[in-house]
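Trainee: Here you go, this is run_25.txt (compact mmCIF, C-alpha atoms).
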# COMPACT_ATOMS: atom_id res chain seq x y z
CA MET A 1 0.00 0.00 0.00
CA LYS A 2 2.89 2.32 0.76
CA ASN A 3 4.28 1.83 -2.76
CA ILE A 4 0.95 2.76 -4.35
CA LEU A 5 0.75 5.94 -2.28
CA LEU A 6 4.32 6.79 -3.22
CA ILE A 7 3.61 6.32 -6.94
CA ARG A 8 0.47 8.45 -6.59
CA GLU A 9 2.44 11.22 -4.88
CA ILE A 10 5.13 11.13 -7.59
CA TYR A 11 2.42 11.34 -10.28
CA LEU A 12 0.76 14.34 -8.60
CA GLU A 13 4.07 16.14 -8.04
CA ALA A 14 5.11 15.63 -11.66
CA PHE A 15 2.15 17.63 -12.97
CA LYS A 16 1.79 20.25 -10.24
CA ASN A 17 3.76 23.17 -11.74
CA LEU A 18 4.18 22.01 -15.31
CA GLY A 19 2.93 25.10 -17.09
CA HIS A 20 0.46 25.59 -19.90
CA TYR A 21 -2.79 23.62 -19.72
CA LEU A 22 -2.30 22.06 -23.17
CA VAL A 23 1.18 20.81 -22.26
CA LYS A 24 -0.10 19.48 -18.94
CA SER A 25 -3.00 17.61 -20.53
CA TYR A 26 -0.74 16.23 -23.28
CA PHE A 27 1.74 14.78 -20.80
CA LYS A 28 -1.04 13.34 -18.66
CA ALA A 29 -2.58 11.63 -21.69
CA PHE A 30 0.82 10.38 -22.83
CA SER A 31 1.64 8.97 -19.39
CA TRP A 32 -1.70 7.12 -19.26
CA PHE A 33 -1.11 5.81 -22.78
CA CYS A 34 2.33 4.49 -21.78
CA PHE A 35 0.93 2.89 -18.64
CA ALA A 36 -1.87 1.21 -20.61
CA SER A 37 0.61 0.00 -23.24
CA PHE A 38 2.80 -1.49 -20.53
CA LEU A 39 -0.18 -3.33 -19.04
CA ILE A 40 -1.11 -4.75 -22.47
CA VAL A 41 2.44 -6.00 -23.02
CA LEU A 42 2.53 -7.50 -19.53
CA TYR A 43 -0.79 -9.24 -20.15
CA ALA A 44 0.39 -10.64 -23.49
CA PHE A 45 3.62 -11.91 -21.94
CA LEU A 46 1.83 -13.60 -19.03
CA PHE A 47 -0.71 -15.11 -21.45
CA ARG A 48 2.11 -16.58 -23.54
CA ILE A 49 3.77 -18.02 -20.44
CA SER A 50 0.51 -19.53 -19.16
CA THR A 51 -0.28 -21.22 -22.50
CA GLY A 52 3.14 -22.83 -22.78
CA PHE A 53 4.54 -20.79 -25.66
CA ALA A 54 8.10 -21.88 -26.52
CA PHE A 55 10.41 -18.88 -26.50
CA ASP A 56 13.05 -20.24 -28.89
Represent the structure contained in this file as structure tokens.
Mentor:
Amino acid sequence: MKNILLIREIYLEAFKNLGHYLVKSYFKAFSWFCFASFLIVLYAFLFRISTGFAFD
């Protein structure tokens, strides 16, 4: 739980004094896109491991 709160605090601090609204919203959207992409890759990797895919 402490790690989640720490990550949340880092996320909030990163966007606190960033500047223009457009830049702030762009970086927020980009960070969420990267996080979602990472979760998709992690899911695909775990799916391949669970189905017995041979990584040759």
Trainee: Find, counting all atoms listed in the file, the residue in A:Lys16, A:Ile40, A:Met1, A:Glu9 that gets nearest to Lys28 in chain A.
Mentor: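 Selected residue with least distance to Lys28 in chain A: A:Lys16.
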Trainee: Please measure the separation of CA of Phe27 in chain A and CA of Ala14 in chain A, giving the value in Å to one decimal.
Mentor: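 Going from CA of Phe27 in chain A over to CA of Ala14 in chain A, I get 9.8 Å.
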Trainee: Quick one: pull the distance between CA of Leu42 in chain A and CA of Lys2 in chain A, Å, one decimal.
Mentor: 22.5 Å
Trainee: In Å, rounded to a single decimal, give me how far CA of Ile4 in chain A is from CA of Val23 in chain A.
Mentor: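 Taking CA of Val23 in chain A and CA of Ile4 in chain A, their separation equals 25.4 Å.
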Trainee: Would you kindly place all heavy atoms on range 2-13 of chain A and return the model as a compact mmCIF listing (two decimals), keeping the file's coordinate frame?
Mentor:
# COMPACT_ATOMS: atom_id res chain seq x y z
N LYS A 2 2.00 1.16 0.70
CA LYS A 2 2.89 2.32 0.76
C LYS A 2 3.46 2.65 -0.62
O LYS A 2 3.61 3.82 -0.97
CB LYS A 2 4.02 2.03 1.75
CG LYS A 2 4.90 3.21 2.02
CD LYS A 2 5.95 2.88 3.07
CE LYS A 2 6.83 4.08 3.32
NZ LYS A 2 7.87 3.79 4.30
N ASN A 3 3.75 1.60 -1.41
CA ASN A 3 4.28 1.83 -2.76
C ASN A 3 3.26 2.52 -3.66
O ASN A 3 3.61 3.39 -4.45
CB ASN A 3 4.70 0.50 -3.40
CG ASN A 3 5.95 -0.05 -2.74
OD1 ASN A 3 6.69 0.68 -2.12
ND2 ASN A 3 6.13 -1.34 -2.89
N ILE A 4 2.00 2.14 -3.53
CA ILE A 4 0.95 2.76 -4.35
C ILE A 4 0.80 4.23 -3.99
O ILE A 4 0.67 5.09 -4.87
CB ILE A 4 -0.38 2.00 -4.17
CG1 ILE A 4 -0.25 0.59 -4.74
CG2 ILE A 4 -1.52 2.74 -4.85
CD1 ILE A 4 -1.43 -0.29 -4.47
N LEU A 5 0.84 4.54 -2.70
CA LEU A 5 0.75 5.94 -2.28
C LEU A 5 1.95 6.74 -2.75
O LEU A 5 1.83 7.90 -3.13
CB LEU A 5 0.61 6.02 -0.76
CG LEU A 5 -0.71 5.51 -0.19
CD1 LEU A 5 -0.67 5.53 1.33
CD2 LEU A 5 -1.86 6.34 -0.71
N LEU A 6 3.11 6.11 -2.75
CA LEU A 6 4.32 6.79 -3.22
C LEU A 6 4.23 7.08 -4.72
O LEU A 6 4.56 8.18 -5.16
CB LEU A 6 5.56 5.94 -2.91
CG LEU A 6 6.90 6.55 -3.28
CD1 LEU A 6 7.13 7.84 -2.52
CD2 LEU A 6 8.01 5.56 -2.97
N ILE A 7 3.77 6.12 -5.50
CA ILE A 7 3.61 6.32 -6.94
C ILE A 7 2.57 7.40 -7.21
O ILE A 7 2.77 8.26 -8.07
CB ILE A 7 3.22 4.99 -7.63
CG1 ILE A 7 4.40 4.03 -7.58
CG2 ILE A 7 2.77 5.22 -9.06
CD1 ILE A 7 4.07 2.63 -8.03
N ARG A 8 1.50 7.41 -6.43
CA ARG A 8 0.47 8.45 -6.59
C ARG A 8 1.05 9.83 -6.29
O ARG A 8 0.79 10.79 -7.02
CB ARG A 8 -0.70 8.16 -5.66
CG ARG A 8 -1.80 9.17 -5.73
CD ARG A 8 -2.96 8.79 -4.80
NE ARG A 8 -3.93 9.84 -4.78
CZ ARG A 8 -4.02 10.76 -3.83
NH1 ARG A 8 -3.19 10.72 -2.81
NH2 ARG A 8 -4.94 11.69 -3.88
N GLU A 9 1.84 9.94 -5.25
CA GLU A 9 2.44 11.22 -4.88
C GLU A 9 3.43 11.69 -5.96
O GLU A 9 3.47 12.87 -6.30
CB GLU A 9 3.16 11.10 -3.53
CG GLU A 9 3.69 12.41 -3.01
CD GLU A 9 2.61 13.42 -2.71
OE1 GLU A 9 1.49 13.01 -2.33
OE2 GLU A 9 2.88 14.63 -2.85
N ILE A 10 4.21 10.78 -6.51
CA ILE A 10 5.13 11.13 -7.59
C ILE A 10 4.36 11.61 -8.82
O ILE A 10 4.73 12.60 -9.45
CB ILE A 10 6.03 9.92 -7.94
CG1 ILE A 10 7.02 9.67 -6.81
CG2 ILE A 10 6.78 10.16 -9.25
CD1 ILE A 10 7.79 8.38 -6.96
N TYR A 11 3.25 10.94 -9.13
CA TYR A 11 2.42 11.34 -10.28
C TYR A 11 1.85 12.74 -10.07
O TYR A 11 1.88 13.57 -10.98
CB TYR A 11 1.30 10.32 -10.47
CG TYR A 11 0.36 10.65 -11.61
CD1 TYR A 11 0.72 10.35 -12.91
CD2 TYR A 11 -0.87 11.26 -11.37
CE1 TYR A 11 -0.13 10.66 -13.95
CE2 TYR A 11 -1.72 11.56 -12.41
CZ TYR A 11 -1.35 11.25 -13.69
OH TYR A 11 -2.19 11.56 -14.71
N LEU A 12 1.34 13.02 -8.88
CA LEU A 12 0.76 14.34 -8.60
C LEU A 12 1.82 15.43 -8.61
O LEU A 12 1.59 16.54 -9.11
CB LEU A 12 0.02 14.31 -7.27
CG LEU A 12 -1.25 13.48 -7.24
CD1 LEU A 12 -1.83 13.45 -5.82
CD2 LEU A 12 -2.27 14.00 -8.21
N GLU A 13 2.99 15.15 -8.06
CA GLU A 13 4.07 16.14 -8.04
C GLU A 13 4.60 16.44 -9.44
O GLU A 13 5.02 17.55 -9.72
CB GLU A 13 5.22 15.66 -7.16
CG GLU A 13 4.96 15.79 -5.68
CD GLU A 13 4.93 17.24 -5.23
OE1 GLU A 13 5.74 18.05 -5.73
OE2 GLU A 13 4.07 17.56 -4.39
